[in-house]
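Engineer: Okay, handing you the structure first.
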Amino acid sequence: MNLDRLVAMVNDISAFFAGESGPDAPAAVANHLRRFWEPRMRAEIVAAYRNNPGALKNLSEVGRNAVAELAKTA
Amino acid sequence: MFAKGYHDLGTPAPPVTGRVVTLEIDGTSVTVPDGTSVMRAAAVASRDIPKLCATDSLKAFGSCRLCLVEIDGRRGFPASCTTLVAEGMKVRTESPKLTELRRNVMELYVSDHPLDCVTCPANGQCELQDMAERLDITSTRYGLAGSNHHHGEVDKSNPYFQFDQSLCIVCSRCVRACDEVQGTFALTIQGRGFHSQVVASAHEPFVDSECVSCGQCVETCPTGALVEKSVIHIGAAERATKTTCAYCGVGCSFEVEMKGDQVVRMAPDRDGHANHGHACVKGRFAFGYATHRDRVIKPMVRATIADPWREVTWEEAIDRTAREFKRLRDKYGADAIGGITSSRCTNEETFLVQKLVRAAFGTNNVDTCARVCHSPTGYGLKSTIGESAGTQAFDSVEKADAIIVVGANPTEAHPVFASRLKQRLRQGARLIVIDPRTIGLVRSPHIAADVHLQLRPGTNVAVINALSHVVVTEGLTRDDYVRDRCEADSYAKWKKFIAEPRNSPEATESITGVPAALVRGAARLYASVPNGAIYYGLGVTEHSQGTTMVMGIANLAMATGNLGREGVGVSPLRGQNNVQGSCDMGSFPHEFSGYRHVSDDAVRGAFEAKWGVGLKAEPGLRIPNMFDAALDGTFKGLYVQGEDIAQSDPNTHHVTEALSAMECVVVQDLFLNETAKYAHIFLPGSSFLEKDGTFTNAERRIGRVRKVMEPRTGFQDWEVTVLIANALGYPMRYRHPSEIMDEIASLTPTFAGVNYEKLDRLGSVQWPCNDKAPEGTPTMHVETFVRGKGRFFVTEYVPTTEHTTAEYPLLLTTGRILSQYNVGAQTRRTDNVIWASEDLLEIHPHDADVRGIKDGDWVGITSRVGSTVLRAEVTDRIQMGVVYTTFHFPESGANVVTTENSDWATNCPEYKVTAVEAIRVVHPSEWRARHESSLRHTTTA
């Protein structure tokens with residue numbers, strides 16, 4: 001999967017939940033990813049988070065925290 | 001002429017008051033609603049009164065003088081069409097005097113009418129002929145030698161119908177139909193007395209006039225003056241079968257009139273719950289594609305997409321399809337394959353394809369074309385009010401007092417609903433249009449929007465927030481309603497957010513381009529009437545914030561108490577005939593039918609028990625994810641039923657690269673579409689005339705589709721899916737689509753009460769249809785929201801990343817036109833091309849002028865992802881800085897320039913906002929040249 005595209009998608013999702021969920025935004029984003037993203041998409045961004053964080057330099061703060069949350073259960 | 005066998009009651013039903021009146025007609029006691037005409041009361045009592053200018057789809061006119069009756073205590077002979085019933089009234093419909101009067105009138109009509117009935121196309125269905133026979137008119141005292149119109153002109157300019165002035169009796173039914181029903185006001189009576197004649201516009205040929213070819217004039221003509229050319233060519237129909245239109249999401253009901261295996265005409269069903277006897281140029285006339293020479297009716301295969309096609313038997317095609325998907329599954333795993341269901345196919349076919357993918361392929365990689373249109377509707381409405389569908393019936397618009405039309409162009413894309421909407425507007429309802437373009441509703445005959453918020457593309461959320469800001473800060477909310485029906489916490493949070501000054505019309509004006517005063521006026525108008533209704537289209541959903549905008553609309557409706565009764569609501573206008581149904585049927589990769597998530601153990605367990613196979617609890621790939629996975633090498637095979645993703649999806653180069661990267665693409669379609677260029681197996685599809693099933697329209701109405709001719713390919717589409725499943729070793733044993741619907745009902749709570757017997761009996765039902773609502777649910781959320789308490793969401797405006805720059809200074813937005821439908825596969829193969837044979841680029845005169853572009857010039861359009869060339873239409877319908885086109889013609893390559901930007905929640909593409917530059921060029925694009933070249937080289941071995 002195109003990692004830049006996944007990052008852009010996480011950022012878009014995060015932008016919504018930053019307004020809607022405030023401090024709970026990362027959890028809300030992670031929940032959205034679990035419910036709507038196919039496992040290989042989640043696995044790809046979690047793998048980048050764990051092994052190649054530089055590839056996620058364009059990830060927003062909420063997005064980064066969401067991926068971190070996702071990584072806990074992946 | 002009416003649909004075969006229709007019993008016309010002469011005048012419309014009166015408004016419902018609950019009061020009834022009992023009168024006596026020819027000695028028989030009759031009880032009818034108060035406000036009924038004597039003519040209608042008599043017809044209800046099977047005492048049909050002679051008539052010519054009256055019909056029950058039009059207001060009483062009282063001109064033909066055939067419907068005279070005698071009423072005790074009243075002088076003279078009142079016209080029964082314009083006389084209302086009264087308690088105790090005694091009416092006589094027949095008497096020697098009445099017969100004499102009626103014969104006098106008929107003699108005058110007949111004296112100026114050709115008497116060659118036997119060769120007239122309306123023979124046997126002509127009301128003038130019927131009346132002459134009924135009154136025993138065999139000759140006329142006035143002779144036939146006087147002045148007459150026997151040599152009147154015949155206007156054959158319209159491709160679908162003709163107007164023969166010699167057969168016209170100037171009853172005005174066509175003129176009134178155009179005015180009252182269609183709302184176009186294209187026809188008029190020109191001249192006076194003997195010289196009176198029906199003309200289109202300022203006496204222009206029909207095809208050049210303002211006529212939109214809805215055909216309502218033809219439908220209502222009592223003689224052969226206005227008649228379908230197909231009736232002239234084929235002759236009178238032998239039988240009629242009721243079915244549902246396969247074009248837009250209005251879902252009109254039609255009587256398909258047949259002679260042998262030929263369709264004579266599509267007559268709109270006056271009892272049709274969605275259309276009440278009306279139709280548009282596509283549904284009524286553009287059915288010729290079903291028998292077009294381009295139809296592929298034999299399966300074809302090829303080893304690679306560079307090879308020519310080879311016709312094979314169905315056995316070989318199915319065997320190869322199954323072998324390929326088995327091979328890919330064994331080699332790469334089940335998640336390397338998937339399928340796409342069709343919004344043009346029936347519910348039953350769609351349900352089967354998603355079942356095939358989940359149960360036989362063993363993956364949740366199934367998606368549908370709603371991904372690229374109304375997926376944000378599903379997410380947004382489910383989250384806020386609890387159900388992924390519109391809240392109203394179309395009839396609801398009759399009780400609306402203020403109507404917001406946002407991001408929709410109903411007169412082009414949903415014309416039959418647009419006519420209903422315009423009827424209500426002419427009665428005095430107020431209109432707010434939110435659209436970057438000056439769409440037809442902004443100003444058309446007898447219609448003018450009270451407010452047009454001509455926003456910049458991509459700023460919907462800022463506008464909806466500003467509207468809500470006014471409602472909240474000016475005390476226009478319905479706090480009692482919200483207190484009873486919505487979550488207090490989410491309301492409080494939203495209210496605080498929306499009241500912030502940054503959401504005010506004044507603060508957002510620089511973002512949206514909409515003057516603050518207009519926004520304030522619109523908000524006050526919507527919130528201050530008893531019933532405010534919102535209708536929206538793809539101009540809402542096809543944005544990076546499509547879902548946010550749907551939520552914003554729901555927020556506004558909840559805050560103003562405008563949900564849960566007739567006349568209000570939030571109504572998405574669905575694009576294709578069965579978009580609602582394809583979504584309902586579990587076509588999305590994360591949910592089963594009825595919008596239930598695949599991770600829900602109880603729901604999944606029910607499907608596993610019924611289907612006898614284990615199912616995955618994780619969501620599958622969406623369409624754009626499939627493309628990305630294909631390019632990544634992890635997605636290898638795709639079954640596409642009835643969709644043309646290579647033309648309809650954004651960033652065409654990306655799509656075609658992804659399709660080219662797959663090892664097996666199976667396309668099932670009527671035609672060799674753009675996607676088929678990348679296919680290895682082609683399975684010919686069946687048209688809606690060749691199959692049984694159901695469609696679900698934009699108001700959740702499930703209507704029957706009935707087979708009127710044998711499938712030209714030998715199989716209905718659902719049968720092909722059954723064959724594939726069986727070849728894969730997953731048995732499907734359906735004998736008829738009714739059995740598939742029974743399975744849908746057994747697994748889907750909102751469809752629990754749906755079955756074919758009920759649909760045949762009631763005509764149609766709106767889901768939810770179950771024990772609580774055995775005959776369906778016209779209005780949803782009546783006492784409570786489906787989710788319990790309505791939930792408000794904070795809808796922060798987030799600008800799209802697709803912004804203008806010096807290099808790309810214009811914003812391209814896209815839409816549809818009346819005569820064409822979606823990717824045009826059907827309408828391009830009909831005479832509708834005389835109205836539009838290519839996609840045009842609308843550009844504002846100022847933008848055109850500074851670029852040296854004139855009307856009709858070729859214009860090169862370049863975005864960040866691609867370029868194409870379109871002809872320019874210089875018009876001030878579009879605002880400065882914005883250009884507009886449609887996507888009906890593949891050679892235009894409109895989606896070559898659209899990007900993969902998409903809605904945050906659903907990945908619905910942002911078709912409505914693409915930054916581009918436009919320059920005058922002298923040649924068509926390379927894209928068009930390649931496309932035309934590929935057409936020349938599409939061959940079969």
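Chains: A, B, ... in order of the structure tokens. Residues: from 1 per chain. Ligands: from 1, in order shown.
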What residues in region 641-780 of chain B get the DSSP label strand (DSSP E or B)? Please answer as an MDAnalysis selection string.

Structural biologist: chainID B and resid 641 664:669 681:684 693:696 701:705 764:766

Engineer: Save out the residues we just selected, C-alpha atoms, as a PDB file, in the first residue's frame.

Structural biologist:
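Result file follows (selection08.pdb):
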ATOM      1  CA  GLN B 641     -20.733  -6.477 -12.105  1.00  0.00           C
ATOM      2  CA  CYS B 664      -7.724 -11.556 -13.620  1.00  0.00           C
ATOM      3  CA  VAL B 665     -10.435  -8.956 -14.123  1.00  0.00           C
ATOM      4  CA  VAL B 666     -13.940 -10.230 -14.852  1.00  0.00           C
ATOM      5  CA  VAL B 667     -16.408  -7.667 -16.167  1.00  0.00           C
ATOM      6  CA  GLN B 668     -20.130  -8.354 -16.423  1.00  0.00           C
ATOM      7  CA  ASP B 669     -21.921  -5.636 -18.362  1.00  0.00           C
ATOM      8  CA  ILE B 681     -13.176 -12.422 -19.025  1.00  0.00           C
ATOM      9  CA  PHE B 682     -16.316 -10.651 -20.224  1.00  0.00           C
ATOM     10  CA  LEU B 683     -19.677 -11.953 -19.047  1.00  0.00           C
ATOM     11  CA  PRO B 684     -22.559 -10.337 -20.940  1.00  0.00           C
ATOM     12  CA  GLY B 693     -35.991  -8.438  -9.036  1.00  0.00           C
ATOM     13  CA  THR B 694     -36.365  -5.229  -7.058  1.00  0.00           C
ATOM     14  CA  PHE B 695     -34.803  -1.766  -6.967  1.00  0.00           C
ATOM     15  CA  THR B 696     -34.812   0.519  -3.921  1.00  0.00           C
ATOM     16  CA  ARG B 701     -39.008   2.427  -1.686  1.00  0.00           C
ATOM     17  CA  ILE B 702     -38.630  -1.151  -2.840  1.00  0.00           C
ATOM     18  CA  GLY B 703     -40.256  -1.609  -6.238  1.00  0.00           C
ATOM     19  CA  ARG B 704     -40.525  -4.661  -8.433  1.00  0.00           C
ATOM     20  CA  VAL B 705     -38.553  -5.081 -11.619  1.00  0.00           C
ATOM     21  CA  SER B 764     -44.115  -0.985  -3.412  1.00  0.00           C
ATOM     22  CA  VAL B 765     -43.042  -0.609   0.208  1.00  0.00           C
ATOM     23  CA  GLN B 766     -40.558   1.633   1.956  1.00  0.00           C
TER      24      GLN B 766
END

Engineer: Do a neighbour search on Gly685 (chain B) at 10 Å with only C-alpha atoms, toss out local chain neighbours closer than 2 positions, and write the hits as an MDAnalysis selection string.

Structural biologist: chainID B and resid 295:299 345 641:642 667:671 682:683 687:688 690 711:718 720

Engineer: Next, write the just-selected residues to a file, as a CSV table (one decimal), in the first residue's frame, keeping C-alpha atoms as the atom set.

Structural biologist:
chain,number,residue,atom,x,y,z
B,295,ARG,CA,-24.8,-5.1,-26.8
B,296,VAL,CA,-22.5,-8.0,-26.2
B,297,ILE,CA,-24.5,-11.2,-25.8
B,298,LYS,CA,-21.9,-13.9,-25.8
B,299,PRO,CA,-19.2,-14.5,-23.2
B,345,CYS,CA,-28.5,-4.2,-10.8
B,641,GLN,CA,-20.7,-6.5,-12.1
B,642,GLY,CA,-22.4,-3.6,-13.9
B,667,VAL,CA,-16.4,-7.7,-16.2
B,668,GLN,CA,-20.1,-8.4,-16.4
B,669,ASP,CA,-21.9,-5.6,-18.4
B,670,LEU,CA,-24.3,-4.9,-21.2
B,671,PHE,CA,-21.5,-3.3,-23.2
B,682,PHE,CA,-16.3,-10.7,-20.2
B,683,LEU,CA,-19.7,-12.0,-19.0
B,687,SER,CA,-30.9,-5.3,-19.1
B,688,PHE,CA,-33.6,-4.4,-16.6
B,690,GLU,CA,-34.8,-9.0,-19.1
B,711,PRO,CA,-32.5,-12.3,-21.6
B,712,ARG,CA,-30.6,-11.9,-24.8
B,713,THR,CA,-27.6,-13.6,-23.3
B,714,GLY,CA,-29.6,-16.6,-22.0
B,715,PHE,CA,-29.2,-15.6,-18.4
B,716,GLN,CA,-30.4,-13.0,-15.9
B,717,ASP,CA,-27.4,-11.5,-14.0
B,718,TRP,CA,-28.3,-13.3,-10.8
B,720,VAL,CA,-24.7,-15.9,-13.7

Engineer: Give as JSON, numbers by chain every residue of chain A that touches chain B within 8 Å, counting only C-alpha atoms.

Structural biologist: {"A": [1, 2, 9, 12, 13, 15, 16, 19, 20, 35, 36, 37, 38, 39]}

Engineer: Keeping only C-alpha atoms, take the residues you just selected and write them out as a JSON list (two decimals), in the first residue's frame.

Structural biologist:
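Writing the result to result.json gives the following:
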[["chain", "number", "residue", "atom", "x", "y", "z"],
["A", 1, "MET", "CA", 0.00, 0.00, 0.00],
["A", 2, "ASN", "CA", 1.09, 3.56, -0.62],
["A", 9, "MET", "CA", -5.95, 9.40, 5.11],
["A", 12, "ASP", "CA", -7.92, 13.56, 7.31],
["A", 13, "ILE", "CA", -9.61, 11.29, 9.85],
["A", 15, "ALA", "CA", -8.71, 16.40, 11.55],
["A", 16, "PHE", "CA", -12.34, 15.44, 12.05],
["A", 19, "GLY", "CA", -12.72, 18.72, 16.62],
["A", 20, "GLU", "CA", -15.29, 16.14, 17.65],
["A", 35, "ARG", "CA", -13.77, -0.51, 11.99],
["A", 36, "PHE", "CA", -13.12, 0.69, 8.46],
["A", 37, "TRP", "CA", -9.58, -0.13, 7.42],
["A", 38, "GLU", "CA", -8.71, -3.52, 6.01],
["A", 39, "PRO", "CA", -6.10, -5.26, 8.18]]

Engineer: Work out how far CA of Gly815 (chain B) is from CA of Ser510 (chain B), in Å to one decimal.

Structural biologist: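 Atom-to-atom, CA of Ser510 (chain B) and CA of Gly815 (chain B) are spaced 25.1 Å apart.
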
Engineer: Between CA of Tyr756 (chain B) and CA of Gly378 (chain B), what is the spacing in Å?

Structural biologist: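 Result for CA of Gly378 (chain B) versus CA of Tyr756 (chain B): 26.3 Å, one decimal.
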
Engineer: Residues near Leu3 (chain A), anyone? I mean within 12 Å using only C-alpha atoms, not counting same-chain ones fewer than 6 positions away, as a list of chain:residue names.

Structural biologist: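 Final neighbour list, sorted by chain and number: A:Met9, A:Val10, A:Arg40, A:Met41, A:Arg42, A:Ala43, A:Glu44, A:Ile45, A:Val46, A:Ala47, A:Ala48, A:Tyr49, A:Asn52, A:Pro53, A:Gly54, A:Ala55, A:Leu56, A:Lys57, A:Asn58, A:Leu59, B:Asn625, B:Asp628, B:Ala629, B:Asp632.
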
Engineer: At a cut-off of 8 Å, using only C-alpha atoms, what residues contact Phe17 (chain A)? Leave out same-chain residues fewer than 3 positions from it and give the result as an MDAnalysis selection string.

Structural biologist: chainID A and resid 13:14 20:22 25:26 28:29

Engineer: Return the single residue from B:Val250, B:Ala389, B:Ala274, B:Ala773 that is closest to Gly575 (chain B), with distances computed using only C-alpha atoms.

Structural biologist: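 Of B:Val250, B:Ala389, B:Ala274, B:Ala773, the one nearest Gly575 (chain B) is B:Val250, counting only C-alpha atoms.
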
Engineer: Within 10 Å of region 392-400 of chain B, counting only C-alpha atoms, which residues qualify if same-chain residues fewer than 3 places away don't, as a ChimeraX atom specification?

Structural biologist: /B:250,273-276,389,403,417,420-425,427-430,529-535,563-572,698-701,766,777-781

Engineer: Just checking: using only C-alpha atoms, which residue out of A:Asn31, A:Gly63, A:Leu6, A:Leu70 ends up closest to Arg50 (chain A)?

Structural biologist: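 Nearest to Arg50 (chain A): A:Leu70.
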
Engineer: Which residue is closest to Lys72 (chain A)? Choose from A:Asn11, A:Ala27, A:Asp4, A:Ala18 and count only C-alpha atoms.

Structural biologist: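 The answer is A:Ala27, which sits nearest to Lys72 (chain A).
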
Engineer: For CA of Gly146 (chain B) and CA of Gly191 (chain B), quote the distance in Å rounded to one decimal.

Structural biologist: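 One can read the CA of Gly146 (chain B) to CA of Gly191 (chain B) distance as 19.4 Å.
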
Engineer: May I have the residues within 8 Å of Phe887 (chain B) as a list in words, using only C-alpha atoms and disregarding those fewer than 6 positions away in the same chain?

Structural biologist: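 So, after excluding close chain neighbours, the residues are Ser648, Thr814, Gly815, Arg816, Asn822, Val823, Asp839, Gly893, Ala894 and Asn895 of chain B.
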
Engineer: Next, the residues of the selection above should be written as a PDB file, in the first residue's frame with C-alpha atoms.

Structural biologist:
ATOM      1  CA  SER B 648     -16.413   6.717 -13.295  1.00  0.00           C
ATOM      2  CA  THR B 814     -18.503  18.178 -12.009  1.00  0.00           C
ATOM      3  CA  GLY B 815     -22.161  17.280 -12.444  1.00  0.00           C
ATOM      4  CA  ARG B 816     -24.794  15.752 -14.712  1.00  0.00           C
ATOM      5  CA  ASN B 822     -23.863   8.580 -15.305  1.00  0.00           C
ATOM      6  CA  VAL B 823     -21.078   7.181 -17.515  1.00  0.00           C
ATOM      7  CA  ASP B 839     -19.038  16.756 -22.303  1.00  0.00           C
ATOM      8  CA  GLY B 893     -11.613  11.903 -19.982  1.00  0.00           C
ATOM      9  CA  ALA B 894     -13.130  14.100 -17.302  1.00  0.00           C
ATOM     10  CA  ASN B 895     -11.789  11.792 -14.632  1.00  0.00           C
TER      11      ASN B 895
END

Engineer: Looking only at alpha helix (DSSP H) from DSSP on the backbone, list the matching residues of region 330-506 of chain B as number ranges by chain.

Structural biologist: B: 330-332, 347-355, 375-384, 410-413, 415-426, 460-473, 479-485, 488-498, 505-506

Engineer: Which one of B:Pro650, B:Gly338, B:Pro909, B:Gly386 sits closest to Val366 (chain B) if you count only C-alpha atoms?

Structural biologist: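 Among the listed residues, B:Gly338 lies closest to Val366 (chain B).
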